file query-v7.txt (compact mmCIF, N, CA and C atoms)
# COMPACT_ATOMS: atom_id res chain seq x y z
N MET A 1 4.88 -6.14 -38.81
CA MET A 1 4.45 -7.45 -38.35
C MET A 1 5.55 -8.07 -37.50
N THR A 2 5.15 -8.80 -36.49
CA THR A 2 6.08 -9.50 -35.62
C THR A 2 5.83 -10.98 -35.75
N ARG A 3 6.89 -11.71 -35.86
CA ARG A 3 6.76 -13.15 -35.99
C ARG A 3 7.10 -13.80 -34.65
N VAL A 4 6.18 -14.59 -34.13
CA VAL A 4 6.36 -15.24 -32.84
C VAL A 4 6.19 -16.74 -33.01
N SER A 5 7.23 -17.49 -32.79
CA SER A 5 7.18 -18.96 -32.84
C SER A 5 6.48 -19.47 -34.09
N GLY A 6 6.80 -18.95 -35.23
CA GLY A 6 6.22 -19.45 -36.47
C GLY A 6 4.87 -18.87 -36.78
N GLU A 7 4.26 -18.08 -35.85
CA GLU A 7 2.97 -17.47 -36.12
C GLU A 7 3.20 -16.01 -36.48
N SER A 8 2.43 -15.51 -37.39
CA SER A 8 2.57 -14.13 -37.80
C SER A 8 1.36 -13.35 -37.32
N THR A 9 1.60 -12.27 -36.56
CA THR A 9 0.49 -11.45 -36.09
C THR A 9 0.80 -10.00 -36.38
N ALA A 10 -0.21 -9.25 -36.73
CA ALA A 10 -0.03 -7.82 -36.96
C ALA A 10 -0.34 -7.09 -35.67
N ALA A 11 0.26 -5.92 -35.50
CA ALA A 11 0.01 -5.13 -34.30
C ALA A 11 -1.46 -4.79 -34.21
N GLY A 12 -2.02 -4.97 -33.03
CA GLY A 12 -3.43 -4.66 -32.83
C GLY A 12 -4.36 -5.83 -33.03
N GLU A 13 -3.88 -6.91 -33.67
CA GLU A 13 -4.72 -8.09 -33.83
C GLU A 13 -4.67 -8.93 -32.56
N ALA A 14 -5.74 -9.67 -32.33
CA ALA A 14 -5.75 -10.56 -31.17
C ALA A 14 -4.85 -11.74 -31.45
N GLY A 15 -3.93 -11.99 -30.55
CA GLY A 15 -3.01 -13.11 -30.69
C GLY A 15 -2.32 -13.33 -29.37
N GLU A 16 -1.55 -14.39 -29.29
CA GLU A 16 -0.84 -14.67 -28.06
C GLU A 16 0.33 -13.71 -27.93
N PRO A 17 0.63 -13.25 -26.72
CA PRO A 17 1.80 -12.41 -26.53
C PRO A 17 3.07 -13.26 -26.70
N ALA A 18 4.16 -12.60 -26.99
CA ALA A 18 5.41 -13.30 -27.27
C ALA A 18 5.87 -14.11 -26.07
N GLY A 19 5.74 -13.58 -24.86
CA GLY A 19 6.12 -14.32 -23.67
C GLY A 19 7.59 -14.69 -23.70
N PRO A 20 7.98 -15.82 -23.14
CA PRO A 20 9.38 -16.17 -23.04
C PRO A 20 9.95 -16.85 -24.28
N ARG A 21 9.15 -17.00 -25.34
CA ARG A 21 9.62 -17.68 -26.54
C ARG A 21 10.55 -16.80 -27.36
N ALA A 22 11.21 -17.39 -28.34
CA ALA A 22 12.10 -16.66 -29.23
C ALA A 22 11.29 -15.71 -30.10
N VAL A 23 11.85 -14.55 -30.41
CA VAL A 23 11.16 -13.52 -31.17
C VAL A 23 12.04 -13.10 -32.34
N VAL A 24 11.42 -12.91 -33.51
CA VAL A 24 12.13 -12.36 -34.65
C VAL A 24 11.93 -10.86 -34.61
N ARG A 25 13.00 -10.12 -34.54
CA ARG A 25 12.94 -8.67 -34.46
C ARG A 25 12.68 -8.07 -35.84
N PRO A 26 11.85 -7.04 -35.92
CA PRO A 26 11.66 -6.36 -37.20
C PRO A 26 12.98 -5.75 -37.64
N GLY A 27 13.28 -5.83 -38.91
CA GLY A 27 14.51 -5.27 -39.44
C GLY A 27 15.68 -6.23 -39.39
N SER A 28 15.51 -7.40 -38.79
CA SER A 28 16.58 -8.39 -38.75
C SER A 28 16.01 -9.72 -39.20
N PRO A 29 15.86 -9.89 -40.51
CA PRO A 29 15.20 -11.08 -41.04
C PRO A 29 15.88 -12.38 -40.62
N GLY A 30 15.06 -13.27 -40.07
CA GLY A 30 15.54 -14.61 -39.74
C GLY A 30 16.34 -14.69 -38.45
N ARG A 31 16.65 -13.58 -37.81
CA ARG A 31 17.45 -13.62 -36.58
C ARG A 31 16.51 -13.71 -35.37
N THR A 32 16.63 -14.80 -34.63
CA THR A 32 15.79 -14.95 -33.44
C THR A 32 16.62 -14.60 -32.21
N VAL A 33 15.94 -14.05 -31.22
CA VAL A 33 16.59 -13.67 -29.97
C VAL A 33 15.90 -14.46 -28.85
N ALA A 34 16.68 -15.28 -28.17
CA ALA A 34 16.14 -16.09 -27.08
C ALA A 34 15.76 -15.19 -25.90
N ALA A 35 14.85 -15.67 -25.09
CA ALA A 35 14.36 -14.88 -23.96
C ALA A 35 15.49 -14.47 -23.02
N ALA A 36 16.43 -15.35 -22.77
CA ALA A 36 17.53 -15.05 -21.86
C ALA A 36 18.43 -13.94 -22.39
N ASP A 37 18.48 -13.78 -23.72
CA ASP A 37 19.34 -12.77 -24.33
C ASP A 37 18.67 -11.41 -24.46
N ARG A 38 17.35 -11.34 -24.22
CA ARG A 38 16.63 -10.08 -24.37
C ARG A 38 16.78 -9.17 -23.17
N GLY A 39 17.21 -9.70 -22.03
CA GLY A 39 17.36 -8.88 -20.85
C GLY A 39 16.68 -9.51 -19.65
N ALA A 40 16.72 -8.79 -18.56
CA ALA A 40 16.12 -9.29 -17.32
C ALA A 40 15.50 -8.13 -16.56
N LEU A 41 14.58 -8.45 -15.72
CA LEU A 41 13.94 -7.46 -14.87
C LEU A 41 14.42 -7.69 -13.45
N ARG A 42 14.98 -6.66 -12.86
CA ARG A 42 15.44 -6.76 -11.48
C ARG A 42 14.63 -5.79 -10.64
N ILE A 43 14.01 -6.30 -9.59
CA ILE A 43 13.23 -5.46 -8.69
C ILE A 43 14.09 -5.19 -7.46
N ALA A 44 14.28 -3.92 -7.15
CA ALA A 44 15.13 -3.52 -6.04
C ALA A 44 14.57 -4.01 -4.70
N ASP A 45 15.47 -4.30 -3.78
CA ASP A 45 15.07 -4.77 -2.45
C ASP A 45 14.13 -3.77 -1.77
N ARG A 46 14.41 -2.48 -1.94
CA ARG A 46 13.57 -1.48 -1.27
C ARG A 46 12.15 -1.47 -1.82
N VAL A 47 11.98 -1.83 -3.08
CA VAL A 47 10.64 -1.92 -3.67
C VAL A 47 9.89 -3.10 -3.05
N VAL A 48 10.57 -4.22 -2.91
CA VAL A 48 9.96 -5.40 -2.29
C VAL A 48 9.61 -5.08 -0.83
N ALA A 49 10.49 -4.32 -0.15
CA ALA A 49 10.22 -3.93 1.24
C ALA A 49 8.98 -3.05 1.33
N LYS A 50 8.79 -2.16 0.37
CA LYS A 50 7.59 -1.31 0.37
C LYS A 50 6.34 -2.14 0.14
N ILE A 51 6.43 -3.11 -0.75
CA ILE A 51 5.29 -4.01 -0.99
C ILE A 51 4.95 -4.77 0.29
N ALA A 52 5.98 -5.26 0.98
CA ALA A 52 5.76 -6.02 2.21
C ALA A 52 5.16 -5.15 3.31
N ALA A 53 5.65 -3.92 3.47
CA ALA A 53 5.12 -3.02 4.49
C ALA A 53 3.66 -2.67 4.20
N HIS A 54 3.36 -2.44 2.93
CA HIS A 54 1.98 -2.13 2.55
C HIS A 54 1.07 -3.34 2.81
N ALA A 55 1.57 -4.53 2.51
CA ALA A 55 0.78 -5.75 2.76
C ALA A 55 0.52 -5.92 4.25
N ALA A 56 1.50 -5.59 5.09
CA ALA A 56 1.31 -5.68 6.54
C ALA A 56 0.24 -4.69 6.99
N ARG A 57 0.25 -3.48 6.43
CA ARG A 57 -0.80 -2.50 6.75
C ARG A 57 -2.17 -3.03 6.35
N GLU A 58 -2.24 -3.66 5.16
CA GLU A 58 -3.51 -4.24 4.70
C GLU A 58 -4.00 -5.30 5.68
N ALA A 59 -3.10 -6.15 6.15
CA ALA A 59 -3.50 -7.22 7.07
C ALA A 59 -3.97 -6.67 8.41
N LEU A 60 -3.37 -5.58 8.86
CA LEU A 60 -3.74 -5.00 10.15
C LEU A 60 -4.95 -4.08 10.06
N SER A 61 -5.33 -3.70 8.86
CA SER A 61 -6.46 -2.78 8.70
C SER A 61 -7.78 -3.42 9.09
N VAL A 62 -7.84 -4.75 9.14
CA VAL A 62 -9.08 -5.45 9.50
C VAL A 62 -9.46 -5.12 10.94
N GLY A 63 -8.54 -5.29 11.87
CA GLY A 63 -8.82 -4.97 13.26
C GLY A 63 -8.48 -3.53 13.58
N GLY A 64 -7.74 -2.90 12.72
CA GLY A 64 -7.32 -1.53 12.92
C GLY A 64 -6.14 -1.43 13.86
N PRO A 65 -5.02 -0.88 13.37
CA PRO A 65 -3.87 -0.71 14.25
C PRO A 65 -4.18 0.38 15.28
N PRO A 66 -3.46 0.40 16.37
CA PRO A 66 -3.67 1.45 17.37
C PRO A 66 -3.45 2.82 16.74
N PRO A 67 -4.23 3.83 17.14
CA PRO A 67 -4.10 5.16 16.52
C PRO A 67 -2.71 5.77 16.67
N GLU A 68 -2.05 5.49 17.78
CA GLU A 68 -0.74 6.07 18.01
C GLU A 68 0.41 5.21 17.48
N ALA A 69 0.09 4.10 16.86
CA ALA A 69 1.11 3.17 16.36
C ALA A 69 1.80 3.70 15.12
N ALA A 70 3.08 3.41 15.05
CA ALA A 70 3.86 3.72 13.84
C ALA A 70 3.46 2.72 12.76
N PRO A 71 3.53 3.12 11.50
CA PRO A 71 3.18 2.16 10.44
C PRO A 71 4.19 1.01 10.38
N PRO A 72 3.79 -0.15 9.91
CA PRO A 72 4.72 -1.28 9.80
C PRO A 72 5.91 -0.92 8.92
N HIS A 73 7.05 -1.48 9.28
CA HIS A 73 8.29 -1.26 8.52
C HIS A 73 8.83 -2.63 8.12
N ALA A 74 9.30 -2.75 6.89
CA ALA A 74 9.82 -4.04 6.42
C ALA A 74 11.24 -3.89 5.90
N THR A 75 12.04 -4.91 6.13
CA THR A 75 13.35 -5.02 5.52
C THR A 75 13.38 -6.35 4.77
N VAL A 76 14.08 -6.36 3.65
CA VAL A 76 14.06 -7.52 2.76
C VAL A 76 15.46 -7.83 2.28
N ILE A 77 15.75 -9.11 2.18
CA ILE A 77 16.97 -9.57 1.53
C ILE A 77 16.52 -10.47 0.38
N VAL A 78 16.91 -10.10 -0.84
CA VAL A 78 16.54 -10.87 -2.03
C VAL A 78 17.80 -11.54 -2.58
N HIS A 79 17.70 -12.84 -2.82
CA HIS A 79 18.81 -13.60 -3.39
C HIS A 79 18.23 -14.62 -4.36
N HIS A 80 18.55 -14.49 -5.64
CA HIS A 80 18.06 -15.40 -6.69
C HIS A 80 16.54 -15.52 -6.69
N GLU A 81 15.85 -14.40 -6.73
CA GLU A 81 14.39 -14.34 -6.81
C GLU A 81 13.69 -14.98 -5.60
N VAL A 82 14.40 -15.04 -4.47
CA VAL A 82 13.82 -15.51 -3.21
C VAL A 82 13.97 -14.37 -2.21
N ALA A 83 12.84 -13.94 -1.64
CA ALA A 83 12.85 -12.81 -0.71
C ALA A 83 12.64 -13.30 0.72
N ARG A 84 13.51 -12.87 1.60
CA ARG A 84 13.36 -13.12 3.04
C ARG A 84 12.98 -11.79 3.67
N VAL A 85 11.85 -11.78 4.36
CA VAL A 85 11.24 -10.53 4.81
C VAL A 85 11.19 -10.48 6.34
N ARG A 86 11.49 -9.30 6.89
CA ARG A 86 11.30 -9.02 8.32
C ARG A 86 10.40 -7.80 8.43
N VAL A 87 9.29 -7.95 9.15
CA VAL A 87 8.32 -6.87 9.33
C VAL A 87 8.30 -6.48 10.80
N SER A 88 8.49 -5.19 11.08
CA SER A 88 8.38 -4.66 12.44
C SER A 88 7.09 -3.88 12.54
N LEU A 89 6.34 -4.12 13.61
CA LEU A 89 5.05 -3.44 13.74
C LEU A 89 4.68 -3.25 15.20
N GLU A 90 3.64 -2.45 15.41
CA GLU A 90 3.09 -2.19 16.74
C GLU A 90 1.64 -2.67 16.75
N LEU A 91 1.25 -3.27 17.87
CA LEU A 91 -0.10 -3.84 17.97
C LEU A 91 -0.82 -3.33 19.21
N ASP A 92 -2.13 -3.46 19.18
CA ASP A 92 -2.98 -3.16 20.32
C ASP A 92 -2.90 -4.30 21.32
N TYR A 93 -3.09 -3.97 22.59
CA TYR A 93 -3.13 -5.00 23.62
C TYR A 93 -4.28 -4.68 24.55
N PRO A 94 -5.09 -5.57 24.94
CA PRO A 94 -5.10 -6.99 24.61
C PRO A 94 -5.72 -7.25 23.24
N SER A 95 -5.17 -8.20 22.54
CA SER A 95 -5.68 -8.62 21.23
C SER A 95 -5.10 -9.98 20.91
N ASP A 96 -5.52 -10.55 19.83
CA ASP A 96 -5.00 -11.83 19.38
C ASP A 96 -3.70 -11.58 18.62
N ILE A 97 -2.61 -11.49 19.35
CA ILE A 97 -1.31 -11.14 18.76
C ILE A 97 -0.87 -12.21 17.77
N GLY A 98 -1.00 -13.47 18.14
CA GLY A 98 -0.62 -14.56 17.24
C GLY A 98 -1.43 -14.56 15.96
N GLY A 99 -2.73 -14.31 16.08
CA GLY A 99 -3.59 -14.26 14.90
C GLY A 99 -3.23 -13.10 13.98
N GLN A 100 -2.91 -11.94 14.57
CA GLN A 100 -2.52 -10.79 13.75
C GLN A 100 -1.19 -11.05 13.05
N CYS A 101 -0.23 -11.66 13.74
CA CYS A 101 1.06 -11.97 13.12
C CYS A 101 0.90 -12.99 12.00
N THR A 102 0.03 -13.97 12.18
CA THR A 102 -0.25 -14.95 11.13
C THR A 102 -0.88 -14.28 9.92
N ALA A 103 -1.81 -13.36 10.16
CA ALA A 103 -2.45 -12.63 9.05
C ALA A 103 -1.43 -11.79 8.30
N VAL A 104 -0.51 -11.17 9.02
CA VAL A 104 0.54 -10.36 8.38
C VAL A 104 1.43 -11.25 7.53
N ARG A 105 1.88 -12.38 8.09
CA ARG A 105 2.73 -13.30 7.32
C ARG A 105 2.04 -13.73 6.03
N HIS A 106 0.79 -14.15 6.15
CA HIS A 106 0.05 -14.64 4.99
C HIS A 106 -0.09 -13.54 3.93
N GLN A 107 -0.47 -12.35 4.34
CA GLN A 107 -0.68 -11.25 3.39
C GLN A 107 0.62 -10.83 2.71
N VAL A 108 1.73 -10.80 3.48
CA VAL A 108 3.03 -10.42 2.90
C VAL A 108 3.45 -11.44 1.86
N VAL A 109 3.33 -12.72 2.17
CA VAL A 109 3.71 -13.78 1.20
C VAL A 109 2.87 -13.64 -0.06
N GLN A 110 1.56 -13.49 0.11
CA GLN A 110 0.66 -13.42 -1.04
C GLN A 110 0.96 -12.20 -1.92
N ARG A 111 1.13 -11.03 -1.33
CA ARG A 111 1.32 -9.81 -2.12
C ARG A 111 2.69 -9.75 -2.79
N VAL A 112 3.75 -10.19 -2.08
CA VAL A 112 5.09 -10.16 -2.69
C VAL A 112 5.16 -11.16 -3.84
N GLU A 113 4.58 -12.33 -3.67
CA GLU A 113 4.57 -13.30 -4.76
C GLU A 113 3.77 -12.78 -5.95
N ALA A 114 2.62 -12.14 -5.69
CA ALA A 114 1.77 -11.66 -6.78
C ALA A 114 2.36 -10.44 -7.49
N LEU A 115 2.90 -9.50 -6.74
CA LEU A 115 3.35 -8.24 -7.35
C LEU A 115 4.81 -8.26 -7.81
N ALA A 116 5.66 -9.00 -7.10
CA ALA A 116 7.08 -9.02 -7.47
C ALA A 116 7.49 -10.33 -8.12
N GLY A 117 6.63 -11.35 -8.05
CA GLY A 117 6.95 -12.63 -8.66
C GLY A 117 8.08 -13.36 -7.96
N MET A 118 8.23 -13.12 -6.66
CA MET A 118 9.32 -13.74 -5.90
C MET A 118 8.76 -14.75 -4.91
N GLU A 119 9.53 -15.79 -4.68
CA GLU A 119 9.18 -16.77 -3.66
C GLU A 119 9.51 -16.15 -2.30
N VAL A 120 8.64 -16.38 -1.31
CA VAL A 120 8.85 -15.84 0.04
C VAL A 120 8.76 -17.00 1.03
N PRO A 121 9.89 -17.66 1.32
CA PRO A 121 9.85 -18.80 2.23
C PRO A 121 9.81 -18.40 3.70
N GLU A 122 10.15 -17.15 3.98
CA GLU A 122 10.28 -16.75 5.38
C GLU A 122 9.81 -15.31 5.58
N VAL A 123 8.90 -15.12 6.54
CA VAL A 123 8.48 -13.78 6.96
C VAL A 123 8.59 -13.75 8.48
N ALA A 124 9.53 -12.97 8.98
CA ALA A 124 9.69 -12.81 10.43
C ALA A 124 8.93 -11.56 10.85
N VAL A 125 8.02 -11.73 11.79
CA VAL A 125 7.23 -10.60 12.29
C VAL A 125 7.76 -10.24 13.68
N GLN A 126 8.20 -9.01 13.82
CA GLN A 126 8.74 -8.53 15.08
C GLN A 126 7.79 -7.49 15.65
N VAL A 127 7.23 -7.77 16.82
CA VAL A 127 6.33 -6.81 17.47
C VAL A 127 7.20 -5.88 18.31
N GLU A 128 7.27 -4.63 17.90
CA GLU A 128 8.13 -3.64 18.56
C GLU A 128 7.49 -3.07 19.82
N ARG A 129 6.18 -2.91 19.80
CA ARG A 129 5.51 -2.26 20.92
C ARG A 129 4.07 -2.71 20.97
N LEU A 130 3.54 -2.82 22.19
CA LEU A 130 2.13 -3.10 22.41
C LEU A 130 1.49 -1.84 23.00
N HIS A 131 0.37 -1.43 22.47
CA HIS A 131 -0.34 -0.25 22.95
C HIS A 131 -1.55 -0.71 23.75
N SER A 132 -1.59 -0.37 25.01
CA SER A 132 -2.67 -0.78 25.89
C SER A 132 -3.91 0.05 25.64
N ALA A 133 -5.03 -0.62 25.52
CA ALA A 133 -6.30 0.07 25.33
C ALA A 133 -6.70 0.81 26.60
N GLN A 134 -6.24 0.34 27.77
CA GLN A 134 -6.60 0.97 29.04
C GLN A 134 -5.94 2.33 29.22
N THR A 135 -4.71 2.46 28.72
CA THR A 135 -4.00 3.72 28.92
C THR A 135 -4.22 4.70 27.78
N ARG A 136 -4.87 4.27 26.72
CA ARG A 136 -5.10 5.14 25.58
C ARG A 136 -6.02 6.29 25.99
N GLY A 137 -5.59 7.47 25.77
CA GLY A 137 -6.40 8.64 26.06
C GLY A 137 -6.41 9.02 27.53
N ALA A 138 -5.78 8.24 28.37
CA ALA A 138 -5.76 8.57 29.80
C ALA A 138 -4.74 9.69 30.03
N ALA A 139 -5.00 10.48 31.03
CA ALA A 139 -4.08 11.56 31.37
C ALA A 139 -2.81 10.95 31.93
N GLN A 140 -1.73 11.74 31.87
CA GLN A 140 -0.49 11.24 32.43
C GLN A 140 -0.67 11.03 33.91
N GLY A 141 0.00 10.08 34.40
CA GLY A 141 -0.11 9.78 35.82
C GLY A 141 -0.24 8.27 36.00
N ARG A 142 -0.55 7.93 37.19
CA ARG A 142 -0.60 6.52 37.54
C ARG A 142 -2.01 5.96 37.32
N THR A 143 -2.09 4.77 36.71
CA THR A 143 -3.38 4.12 36.54
C THR A 143 -3.44 2.87 37.39
N GLN A 144 -4.61 2.55 37.85
CA GLN A 144 -4.75 1.35 38.68
C GLN A 144 -5.65 0.35 38.00
call {"tool": "encode", "arguments": {"input": "query-v7.txt", "output": "structure tokens"}}
result
Amino acid sequence: MTRVSGESTAAGEAGEPAGPRAVVRPGSPGRTVAAADRGALRIADRVVAKIAAHAAREALSVGGPPPEAAPPHATVIVHHEVARVRVSLELDYPSDIGGQCTAVRHQVVQRVEALAGMEVPEVAVQVERLHSAQTRGAAQGRTQ
């Protein structure tokens, strides 16, 4: 049995999870361990970067990225559970570049906050290359 905040629940019974409250450990009668003393979860910057890059791909999948485009790449700096994200990507041209960048920013903020539990005050979107629909599939040479 585990005792949580004065309530006693047996394993497998429906009850509230321990969460951030103090917990009495089995085998140590009367000794409570505060949430801060139980440990911490640290998510590596590269994991947050992968989440951000995947979120950028999700945002671009609506209009479809150019077939020859490299997948989005993200770099992240995390400081005190606040992530600052930079996403580099390639887009089709002509298209609504501003709208696509806004969609990427929104999706990155939403997914990083949901999956990593981090605040994302800043997402910088860097467009590395534009792929012209006119030259796609055209033979090498001069186009008019």
call {"tool": "closest_residue", "arguments": {"input": "query-v7.txt", "among": "A:Gly39, A:Pro94, A:Gly117, A:Gly99", "to": "Leu130 (chain A)", "atoms": "all atoms listed in the file"}}
result
A:Pro94
call {"tool": "atom_distance", "arguments": {"input": "query-v7.txt", "atom1": "atom C of His73 (chain A)", "atom2": "CA of Val104 (chain A)"}}
result
11.3 Å
call {"tool": "residues_around", "arguments": {"input": "query-v7.txt", "residues": "Ala69 (chain A)", "least_positions_apart": "4", "cutoff": "8 Å", "atoms": "only N, CA and C atoms", "output": "list in words"}}
result
Pro65, Leu89, Glu90, Leu91, Asp92 and His131 of chain A
call {"tool": "closest_residue", "arguments": {"input": "query-v7.txt", "among": "A:Thr75, A:Ser88, A:Gln100, A:Gln110", "to": "Ser61 (chain A)", "atoms": "only C-alpha atoms"}}
result
A:Gln100
call {"tool": "select_by_dssp", "arguments": {"input": "query-v7.txt", "residues": "region 31-137 of chain A", "states": "helix (DSSP H, G or I)", "output": "PyMOL selection string"}}
result
chain A and resi 35-38+45-60+97-116
call {"tool": "atom_distance", "arguments": {"input": "query-v7.txt", "atom1": "atom C of Ala35 (chain A)", "atom2": "CA of Val82 (chain A)"}}
result
19.9 Å
call {"tool": "atom_distance", "arguments": {"input": "query-v7.txt", "atom1": "CA of Val85 (chain A)", "atom2": "atom N of Ser132 (chain A)"}}
result
26.0 Å
call {"tool": "axis_aligned_box", "arguments": {"input": "query-v7.txt", "around": "region 66-82 of chain A", "padding_each_side": "6 Å", "output": "lines of an AutoDock Vina configuration file"}}
result
center_x = 7.3
center_y = -4.7
center_z = 5.6
size_x = 35.0
size_y = 33.6
size_z = 36.8
call {"tool": "residues_around", "arguments": {"input": "query-v7.txt", "residues": "Val120 (chain A)", "least_positions_apart": "2", "cutoff": "6.5 Å", "atoms": "only N, CA and C atoms", "output": "PyMOL selection string"}}
result
chain A and resi 82-84+109+113+118+122-123
call {"tool": "select_by_dssp", "arguments": {"input": "query-v7.txt", "residues": "region 29-139 of chain A", "states": "strand (DSSP E or B)", "output": "PyMOL selection string"}}
result
chain A and resi 32-33+73-79+82-93+119-132
call {"tool": "residues_around", "arguments": {"input": "query-v7.txt", "residues": "region 49-54 of chain A", "least_positions_apart": "5", "cutoff": "8 Å", "atoms": "only C-alpha atoms", "output": "PDB file with N, CA and C atoms, in the coordinates of the input"}}
result
ATOM      1  N   PRO A  72       3.790  -0.150   9.910  1.00  0.00           N
ATOM      2  CA  PRO A  72       4.720  -1.280   9.800  1.00  0.00           C
ATOM      3  C   PRO A  72       5.910  -0.920   8.920  1.00  0.00           C
ATOM      4  N   HIS A  73       7.050  -1.480   9.280  1.00  0.00           N
ATOM      5  CA  HIS A  73       8.290  -1.260   8.520  1.00  0.00           C
ATOM      6  C   HIS A  73       8.830  -2.630   8.120  1.00  0.00           C
ATOM      7  N   ALA A  74       9.300  -2.750   6.890  1.00  0.00           N
ATOM      8  CA  ALA A  74       9.820  -4.040   6.420  1.00  0.00           C
ATOM      9  C   ALA A  74      11.240  -3.890   5.900  1.00  0.00           C
ATOM     10  N   THR A  75      12.040  -4.910   6.130  1.00  0.00           N
ATOM     11  CA  THR A  75      13.350  -5.020   5.520  1.00  0.00           C
ATOM     12  C   THR A  75      13.380  -6.350   4.770  1.00  0.00           C
ATOM     13  N   VAL A  76      14.080  -6.360   3.650  1.00  0.00           N
ATOM     14  CA  VAL A  76      14.060  -7.520   2.760  1.00  0.00           C
ATOM     15  C   VAL A  76      15.460  -7.830   2.280  1.00  0.00           C
ATOM     16  N   VAL A  85      11.850 -11.780   4.360  1.00  0.00           N
ATOM     17  CA  VAL A  85      11.240 -10.530   4.810  1.00  0.00           C
ATOM     18  C   VAL A  85      11.190 -10.480   6.340  1.00  0.00           C
ATOM     19  N   VAL A  87       9.290  -7.950   9.150  1.00  0.00           N
ATOM     20  CA  VAL A  87       8.320  -6.870   9.330  1.00  0.00           C
ATOM     21  C   VAL A  87       8.300  -6.480  10.800  1.00  0.00           C
ATOM     22  N   VAL A 108       1.730 -10.800   3.480  1.00  0.00           N
ATOM     23  CA  VAL A 108       3.030 -10.420   2.900  1.00  0.00           C
ATOM     24  C   VAL A 108       3.450 -11.440   1.860  1.00  0.00           C
ATOM     25  N   ARG A 111       1.130 -11.030  -1.330  1.00  0.00           N
ATOM     26  CA  ARG A 111       1.320  -9.810  -2.120  1.00  0.00           C
ATOM     27  C   ARG A 111       2.690  -9.750  -2.790  1.00  0.00           C
ATOM     28  N   VAL A 112       3.750 -10.190  -2.080  1.00  0.00           N
ATOM     29  CA  VAL A 112       5.090 -10.160  -2.690  1.00  0.00           C
ATOM     30  C   VAL A 112       5.160 -11.160  -3.840  1.00  0.00           C
ATOM     31  N   LEU A 115       2.900  -9.500  -6.740  1.00  0.00           N
ATOM     32  CA  LEU A 115       3.350  -8.240  -7.350  1.00  0.00           C
ATOM     33  C   LEU A 115       4.810  -8.260  -7.810  1.00  0.00           C
TER      34      LEU A 115
END
call {"tool": "closest_residue", "arguments": {"input": "query-v7.txt", "among": "A:Ala59, A:Val125, A:Ala34, A:Ile77", "to": "Arg46 (chain A)", "atoms": "all atoms listed in the file"}}
result
A:Ile77
call {"tool": "closest_residue", "arguments": {"input": "query-v7.txt", "among": "A:Glu81, A:Leu60, A:Ala116, A:Ala36", "to": "Val48 (chain A)", "atoms": "only N, CA and C atoms"}}
result
A:Ala116
call {"tool": "decode", "arguments": {"input": "query-v7.txt", "residues": "region 123-135 of chain A", "atoms": "C-alpha atoms", "output": "JSON list (two decimals), in the first residue's frame"}}
result
[["chain", "number", "residue", "atom", "x", "y", "z"],
["A", 123, "VAL", "CA", 10.66, 30.39, -32.75],
["A", 124, "ALA", "CA", 12.89, 31.77, -35.50],
["A", 125, "VAL", "CA", 12.08, 30.36, -38.93],
["A", 126, "GLN", "CA", 14.88, 30.58, -41.46],
["A", 127, "VAL", "CA", 14.02, 29.85, -45.08],
["A", 128, "GLU", "CA", 17.19, 28.34, -46.56],
["A", 129, "ARG", "CA", 15.99, 27.82, -50.12],
["A", 130, "LEU", "CA", 12.98, 28.42, -52.35],
["A", 131, "HIS", "CA", 12.15, 25.78, -54.96],
["A", 132, "SER", "CA", 10.51, 27.18, -58.08],
["A", 133, "ALA", "CA", 7.57, 25.25, -59.44],
["A", 134, "GLN", "CA", 8.50, 26.44, -62.96],
["A", 135, "THR", "CA", 11.93, 24.83, -62.95]]
